[in-house]
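Structure data (compact mmCIF, C-alpha atoms) from coords-v1.txt:
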# COMPACT_ATOMS: atom_id res chain seq x y z
CA HIS A 604 9.16 9.08 14.06
CA ASP A 605 12.14 11.32 14.72
CA MET A 606 13.53 9.09 17.48
CA LYS A 607 10.57 9.74 19.82
CA ILE A 608 10.98 6.45 21.64
CA GLU A 609 7.77 6.59 23.68
CA LYS A 610 5.72 7.34 20.58
CA VAL A 611 7.35 4.50 18.64
CA CYS A 612 6.76 2.05 21.51
CA GLN A 613 3.11 3.07 21.73
CA MET A 614 2.70 2.65 17.97
CA VAL A 615 4.17 -0.85 18.14
CA LYS A 616 1.91 -1.72 21.07
CA ASP A 617 -1.17 -0.39 19.27
CA SER A 618 -0.21 -2.17 16.05
CA LEU A 619 0.25 -5.53 17.80
CA LYS A 620 -3.16 -5.11 19.42
CA TRP A 621 -4.68 -4.20 16.05
CA ARG A 622 -3.10 -7.26 14.41
CA GLU A 623 -4.56 -9.51 17.10
CA GLU A 624 -8.03 -7.95 16.85
CA ASN A 625 -8.05 -8.28 13.04
CA ASN A 626 -6.56 -11.79 12.77
CA LEU A 627 -3.54 -10.63 10.78
CA GLU A 628 -1.47 -13.61 11.84
CA GLN A 629 -4.13 -15.90 10.37
CA ILE A 630 -4.04 -13.91 7.13
CA ARG A 631 -0.27 -14.31 7.02
CA ALA A 632 -0.55 -18.00 7.81
CA ASN A 633 -3.04 -18.43 4.95
CA LEU A 634 -0.62 -16.77 2.54
CA LEU A 635 2.30 -18.94 3.63
CA GLU A 636 0.54 -22.27 4.09
CA LYS A 637 -1.57 -22.05 0.93
CA GLY A 638 1.21 -20.54 -1.16
CA TRP A 639 -0.96 -17.67 -2.36
CA ASP A 640 1.17 -15.32 -4.46
CA ASN A 641 -1.52 -13.79 -6.67
CA PRO A 642 -4.29 -11.40 -5.50
CA MET A 643 -6.78 -13.41 -7.55
CA GLN A 644 -6.30 -16.14 -4.93
CA PHE A 645 -7.15 -13.87 -1.99
CA PRO A 646 -10.72 -13.83 -0.59
CA ASN A 647 -12.97 -12.09 -3.16
CA GLY A 648 -9.83 -11.40 -5.19
CA ASP A 649 -11.30 -12.49 -8.51
CA ILE A 650 -14.31 -10.17 -8.11
CA ILE A 651 -12.26 -7.20 -6.90
CA MET A 652 -9.54 -7.54 -9.54
CA GLU A 653 -12.16 -7.71 -12.28
CA ASN A 654 -13.81 -4.51 -11.06
CA THR A 655 -10.80 -2.34 -10.18
CA GLN A 656 -7.50 -1.21 -11.67
CA LEU A 657 -4.95 -2.80 -9.39
CA PHE A 658 -1.47 -4.25 -9.79
CA VAL A 659 -0.01 -5.57 -6.54
CA ALA A 660 3.78 -5.65 -6.26
CA HIS A 661 5.77 -8.43 -7.95
CA PRO A 662 9.48 -9.17 -7.35
CA ASP A 663 10.27 -8.87 -11.08
CA ILE A 664 8.57 -5.46 -11.54
CA VAL A 665 10.81 -2.85 -9.96
CA ASP A 666 11.77 0.80 -10.37
CA LYS A 667 15.25 2.00 -11.34
CA ALA A 668 16.37 1.78 -7.70
CA GLY A 669 15.25 -1.84 -7.48
CA GLU A 670 12.13 -1.15 -5.42
CA PRO A 671 8.96 -3.15 -6.26
CA VAL A 672 6.16 -1.15 -7.87
CA THR A 673 2.43 -1.21 -7.21
CA VAL A 674 -0.09 0.50 -9.52
CA GLU A 675 -3.68 1.35 -8.69
CA GLY A 676 -6.63 3.33 -10.03
CA ILE A 677 -9.51 4.92 -8.13
CA ILE A 678 -12.10 2.83 -6.30
CA PRO A 679 -15.15 2.77 -8.60
CA PRO A 680 -18.44 3.31 -6.70
CA THR A 681 -19.89 0.36 -8.67
CA LEU A 682 -17.53 -1.92 -6.72
CA TRP A 683 -19.98 -1.86 -3.80
CA GLU A 684 -22.56 -3.55 -5.99
CA VAL A 685 -20.49 -6.74 -6.04
CA VAL A 686 -18.47 -6.66 -2.80
CA SER A 687 -18.96 -5.19 0.67
CA PRO A 688 -16.59 -2.56 2.15
CA GLU A 689 -15.66 -5.07 4.87
CA ASP A 690 -14.70 -7.72 2.32
CA PHE A 691 -12.74 -5.14 0.32
CA ILE A 692 -10.78 -4.14 3.43
CA THR A 693 -10.05 -7.80 4.17
CA PHE A 694 -8.77 -8.22 0.60
CA ARG A 695 -6.53 -5.18 1.02
CA LEU A 696 -5.16 -6.58 4.28
CA TYR A 697 -4.19 -9.72 2.38
CA CYS A 698 -2.48 -7.48 -0.19
CA LEU A 699 -0.58 -5.59 2.52
CA GLU A 700 0.58 -8.77 4.24
CA TYR A 701 1.62 -10.22 0.88
CA VAL A 702 3.66 -7.08 0.16
CA VAL A 703 5.30 -7.27 3.60
CA LEU A 704 6.35 -10.87 2.95
CA LEU A 705 7.62 -9.94 -0.50
CA LEU A 706 9.68 -7.02 0.82
CA ASP A 707 11.04 -9.14 3.69
CA ASN A 708 12.24 -11.77 1.20
CA ILE A 709 13.92 -9.13 -0.98
CA SER A 710 15.54 -7.54 2.09
CA ASP A 711 16.88 -10.92 3.25
CA ALA A 712 18.29 -11.65 -0.21
CA LYS A 713 20.03 -8.26 -0.39
CA GLU A 714 21.48 -8.67 3.09
CA ALA A 715 22.83 -12.10 2.10
CA GLN A 716 24.34 -10.58 -1.03
CA ASN A 717 25.94 -7.80 1.02
CA LEU A 718 27.43 -10.39 3.38
CA THR A 719 28.91 -12.27 0.42
CA ASN A 720 30.42 -9.01 -0.87
CA GLY A 721 31.93 -8.16 2.51
CA ILE A 722 29.46 -5.35 3.20
CA SER A 723 27.62 -5.01 6.50
CA PRO A 724 24.50 -7.09 5.83
CA TYR A 725 22.19 -5.70 8.46
CA GLY A 726 19.55 -3.01 8.37
CA HIS A 727 18.34 -3.22 4.76
CA CYS A 728 14.65 -2.29 4.69
CA GLN A 729 13.10 -2.81 1.26
CA GLN A 730 10.32 -0.38 0.35
CA LEU A 731 8.03 0.09 -2.62
CA LEU A 732 6.98 2.72 -5.14
CA SER A 733 3.23 3.28 -5.39
CA ILE A 734 1.70 4.78 -8.52
CA ARG A 735 -1.94 5.91 -8.27
CA ASN A 736 -3.86 6.80 -11.41
CA LEU A 737 -6.59 9.30 -10.41
CA ALA A 738 -8.14 9.65 -13.87
CA GLY A 739 -11.92 9.89 -13.62
CA MET A 740 -12.04 10.97 -9.98
CA SER A 741 -14.84 13.33 -8.97
CA ILE A 742 -16.15 14.64 -5.66
CA SER A 743 -19.40 12.73 -6.14
CA GLN A 744 -17.43 9.49 -6.56
CA PHE A 745 -15.33 10.16 -3.47
CA ALA A 746 -18.25 10.23 -1.06
CA GLY A 747 -20.25 7.96 1.21
CA VAL A 748 -19.00 4.38 1.34
CA THR A 749 -16.02 5.04 -0.95
CA LYS A 750 -14.78 7.96 1.19
CA ALA A 751 -15.24 6.04 4.44
CA THR A 752 -13.50 2.90 3.10
CA ALA A 753 -10.59 4.79 1.53
CA SER A 754 -10.08 6.83 4.71
CA LYS A 755 -10.08 3.69 6.87
CA LEU A 756 -7.58 1.97 4.58
CA LEU A 757 -5.28 4.98 4.61
CA LYS A 758 -5.32 5.20 8.38
CA LEU A 759 -4.68 1.50 8.98
CA SER A 760 -1.87 1.54 6.39
CA SER A 761 -0.25 4.61 7.92
CA ASP A 762 -0.62 3.31 11.50
CA ASN A 763 0.43 -0.29 10.93
CA TYR A 764 2.60 -0.35 7.80
CA PRO A 765 4.41 3.01 8.10
CA GLU A 766 7.68 2.07 6.40
CA LEU A 767 6.41 0.08 3.41
CA LEU A 768 6.24 3.19 1.26
CA LYS A 769 9.31 4.72 -0.36
CA LYS A 770 7.34 7.11 -2.56
CA ALA A 771 3.79 7.56 -3.86
CA VAL A 772 3.14 9.27 -7.18
CA MET A 773 -0.42 10.41 -7.93
CA ILE A 774 -0.91 10.86 -11.68
CA ASN A 775 -3.76 12.39 -13.70
CA ALA A 776 -4.86 14.24 -10.57
CA PRO A 777 -7.92 16.40 -11.37
CA TRP A 778 -8.44 19.76 -9.68
CA VAL A 779 -11.00 18.22 -7.31
CA PHE A 780 -8.24 16.10 -5.83
CA THR A 781 -7.12 19.19 -3.91
CA THR A 782 -10.26 18.85 -1.80
CA VAL A 783 -9.95 15.07 -1.53
CA TRP A 784 -6.28 15.31 -0.53
CA ALA A 785 -7.14 17.82 2.20
CA ILE A 786 -9.42 15.15 3.71
CA LEU A 787 -7.02 12.23 3.23
CA LYS A 788 -4.10 14.07 4.83
CA LEU A 789 -6.01 14.11 8.12
CA PHE A 790 -5.42 10.35 8.35
CA LEU A 791 -1.71 10.40 7.50
CA ALA A 792 1.48 11.14 9.40
CA GLN A 793 3.55 14.05 8.08
CA ARG A 794 6.36 11.60 7.27
CA THR A 795 3.97 9.80 4.89
CA ILE A 796 2.58 13.02 3.42
CA ASP A 797 6.12 14.09 2.53
CA LYS A 798 6.53 10.94 0.38
CA VAL A 799 3.60 11.87 -1.89
CA SER A 800 3.95 13.67 -5.23
CA ILE A 801 0.78 14.88 -6.96
CA LEU A 802 0.93 15.26 -10.74
CA GLY A 803 -1.56 16.11 -13.46
CA SER A 804 -1.51 14.70 -16.97
CA ASN A 805 2.13 15.75 -17.58
CA TYR A 806 3.59 12.98 -15.46
CA SER A 807 5.62 11.00 -18.02
CA THR A 808 8.96 12.72 -17.29
CA VAL A 809 8.72 11.98 -13.57
CA LEU A 810 7.77 8.34 -14.14
CA GLU A 811 10.55 7.92 -16.69
CA GLU A 812 13.02 9.17 -14.05
CA LEU A 813 11.74 6.61 -11.56
CA THR A 814 10.88 3.57 -13.68
CA ASP A 815 11.21 1.85 -17.03
CA LEU A 816 7.44 1.38 -17.13
CA SER A 817 5.60 2.71 -20.15
As structure tokens, the full file:
Amino acid sequence: HDMKIEKVCQMVKDSLKWREENNLEQIRANLLEKGWDNPMQFPNGDIIMENTQLFVAHPDIVDKAGEPVTVEGIIPPTLWEVVSPEDFITFRLYCLEYVVLLLDNISDAKEAQNLTNGISPYGHCQQLLSIRNLAGMSISQFAGVTKATASKLLKLSSDNYPELLKKAVMINAPWVFTTVWAILKLFLAQRTIDKVSILGSNYSTVLEELTDLS
């Protein structure tokens, strides 16, 4: 946040309050104590994973810079027939905390490796590459419950997990996404907006530059 110390301190204060109000430490404790390392194990994970296109980061799936990769499709409106928005948000909080733990472990390993190699070990902050497939998106789909849930998730991610994201690549973006993006940007900091690339169907060259994924 451009070294605005008061703003950073307030963000940290607000985030700690938010974590307490939403039982994030209990979510983290569940992940650690139960050894959950697969979203199918998270609350309602089996239902959500069966009804969405979602790949949560894994330490062995990385981009060419060594950053973990997460891949996701649009939220289908039919999801609300099998799970509530509240339960979906809880599931996504488990995913976010899982990713934080994963990135912390990778950061610690890289710092240890740097120390062994005689390089200053401190300050490595592992981030991730997010790929979003927007194929099939329409204005009618991005409305009502879906719009409200997606907007809430974006805001809580931006406010409380601001440095997880290295880059986000939106692929297969239809023309209607221009309108959707105008709405979503209202919930994001400019620093986050600057990390987002929006591509249509001709995205393969960009992805090939970033990853070895096919």
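Straight-line separation from CA of Pro679 (chain A) to CA of Gln744 (chain A): 7.4 Å.
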Review point. Between A:Lys798, A:His727, A:Lys788, A:Arg631, which one has atoms that come closest to Lys713 (chain A), using only C-alpha atoms?
Key: A:His727
Practice item. Might you pull out every residue within 10 Å of Ser618 (chain A), with all atoms listed in the file counted and same-chain residues fewer than 5 positions away left off, and present them as a ChimeraX atom specification? Key: /A:612-613,623-624,759,762-764
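CA of Ser807 (chain A) is found 27.8 Å from CA of Arg695 (chain A).
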Point to revise | Spatial neighbours of region 766-777 of chain A, max dist 8 Å, all atoms listed in the file, sep filter under 6 positions, as number ranges by chain | key: A: 703, 729-741, 795, 798-806
Check your understanding: Do you know which residues are at most 12 Å from Ala715 (chain A) counting all atoms listed in the file, after dropping those on the same chain fewer than 5 positions away, and could you put them as number ranges by chain?
Key -> A: 708-710, 720-727
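Look at Glu628 (chain A): the protein and nucleic acid residues within 12 Å of it, using only C-alpha atoms and passing over chain neighbours fewer than 4 places away, are A:Leu619, A:Lys620, A:Trp621, A:Arg622, A:Glu623, A:Glu624, A:Ala632, A:Asn633, A:Leu634, A:Leu635, A:Glu636, A:Leu696, A:Tyr697, A:Glu700, A:Tyr701.
If all atoms listed in the file are the atoms counted, then among A:Lys607, A:Lys758, A:Lys637, A:Lys750 the closest residue to Leu791 (chain A) is A:Lys758.
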Exercise for review: For CA of Thr673 (chain A) and CA of Asp617 (chain A), quote the distance in Å rounded to one decimal.
Suggested key: 26.7 Å
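When all atoms listed in the file are used to measure the gap to Ile796 (chain A), the shortest distance among A:Leu757, A:Ala751, A:Leu657, A:Met652 belongs to A:Leu757.
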Kindly compute an axis-aligned box around the listed atoms of region 724-730 of chain A, allowing 6 Å on each side, and express its centre and edge lengths in Å to one decimal as JSON.
{"center_x": 17.4, "center_y": -3.7, "center_z": 4.4, "size_x": 26.2, "size_y": 18.7, "size_z": 20.1}
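Considering all atoms listed in the file, the residue among A:Gln793, A:Thr693, A:Thr814, A:Thr782 positioned nearest to Ser761 (chain A) is A:Gln793.
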Review point. Using all atoms listed in the file, which of A:Gly669, A:Gly638, A:Pro688, A:Gly747 sits nearest Ile651 (chain A)?
Key: A:Pro688
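Considering the residues A:Glu609, A:Ile742, A:Pro765, A:Glu689 and counting all atoms listed in the file, Pro646 (chain A) has its shortest atom-to-atom contact with A:Glu689.
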Would you kindly identify which residues have an atom no farther than 9 Å from (-14.7, 0.7, 1.7), using all atoms listed in the file and the file's own coordinates, and write them out as a PDB file with C-alpha atoms, in the frame of the given file?
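What landed in result.pdb:
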ATOM      1  CA  ILE A 678     -12.100   2.830  -6.300  1.00  0.00           C
ATOM      2  CA  TRP A 683     -19.980  -1.860  -3.800  1.00  0.00           C
ATOM      3  CA  SER A 687     -18.960  -5.190   0.670  1.00  0.00           C
ATOM      4  CA  PRO A 688     -16.590  -2.560   2.150  1.00  0.00           C
ATOM      5  CA  GLU A 689     -15.660  -5.070   4.870  1.00  0.00           C
ATOM      6  CA  ASP A 690     -14.700  -7.720   2.320  1.00  0.00           C
ATOM      7  CA  PHE A 691     -12.740  -5.140   0.320  1.00  0.00           C
ATOM      8  CA  ILE A 692     -10.780  -4.140   3.430  1.00  0.00           C
ATOM      9  CA  VAL A 748     -19.000   4.380   1.340  1.00  0.00           C
ATOM     10  CA  THR A 749     -16.020   5.040  -0.950  1.00  0.00           C
ATOM     11  CA  LYS A 750     -14.780   7.960   1.190  1.00  0.00           C
ATOM     12  CA  ALA A 751     -15.240   6.040   4.440  1.00  0.00           C
ATOM     13  CA  THR A 752     -13.500   2.900   3.100  1.00  0.00           C
ATOM     14  CA  ALA A 753     -10.590   4.790   1.530  1.00  0.00           C
ATOM     15  CA  SER A 754     -10.080   6.830   4.710  1.00  0.00           C
ATOM     16  CA  LYS A 755     -10.080   3.690   6.870  1.00  0.00           C
ATOM     17  CA  LEU A 756      -7.580   1.970   4.580  1.00  0.00           C
TER      18      LEU A 756
END
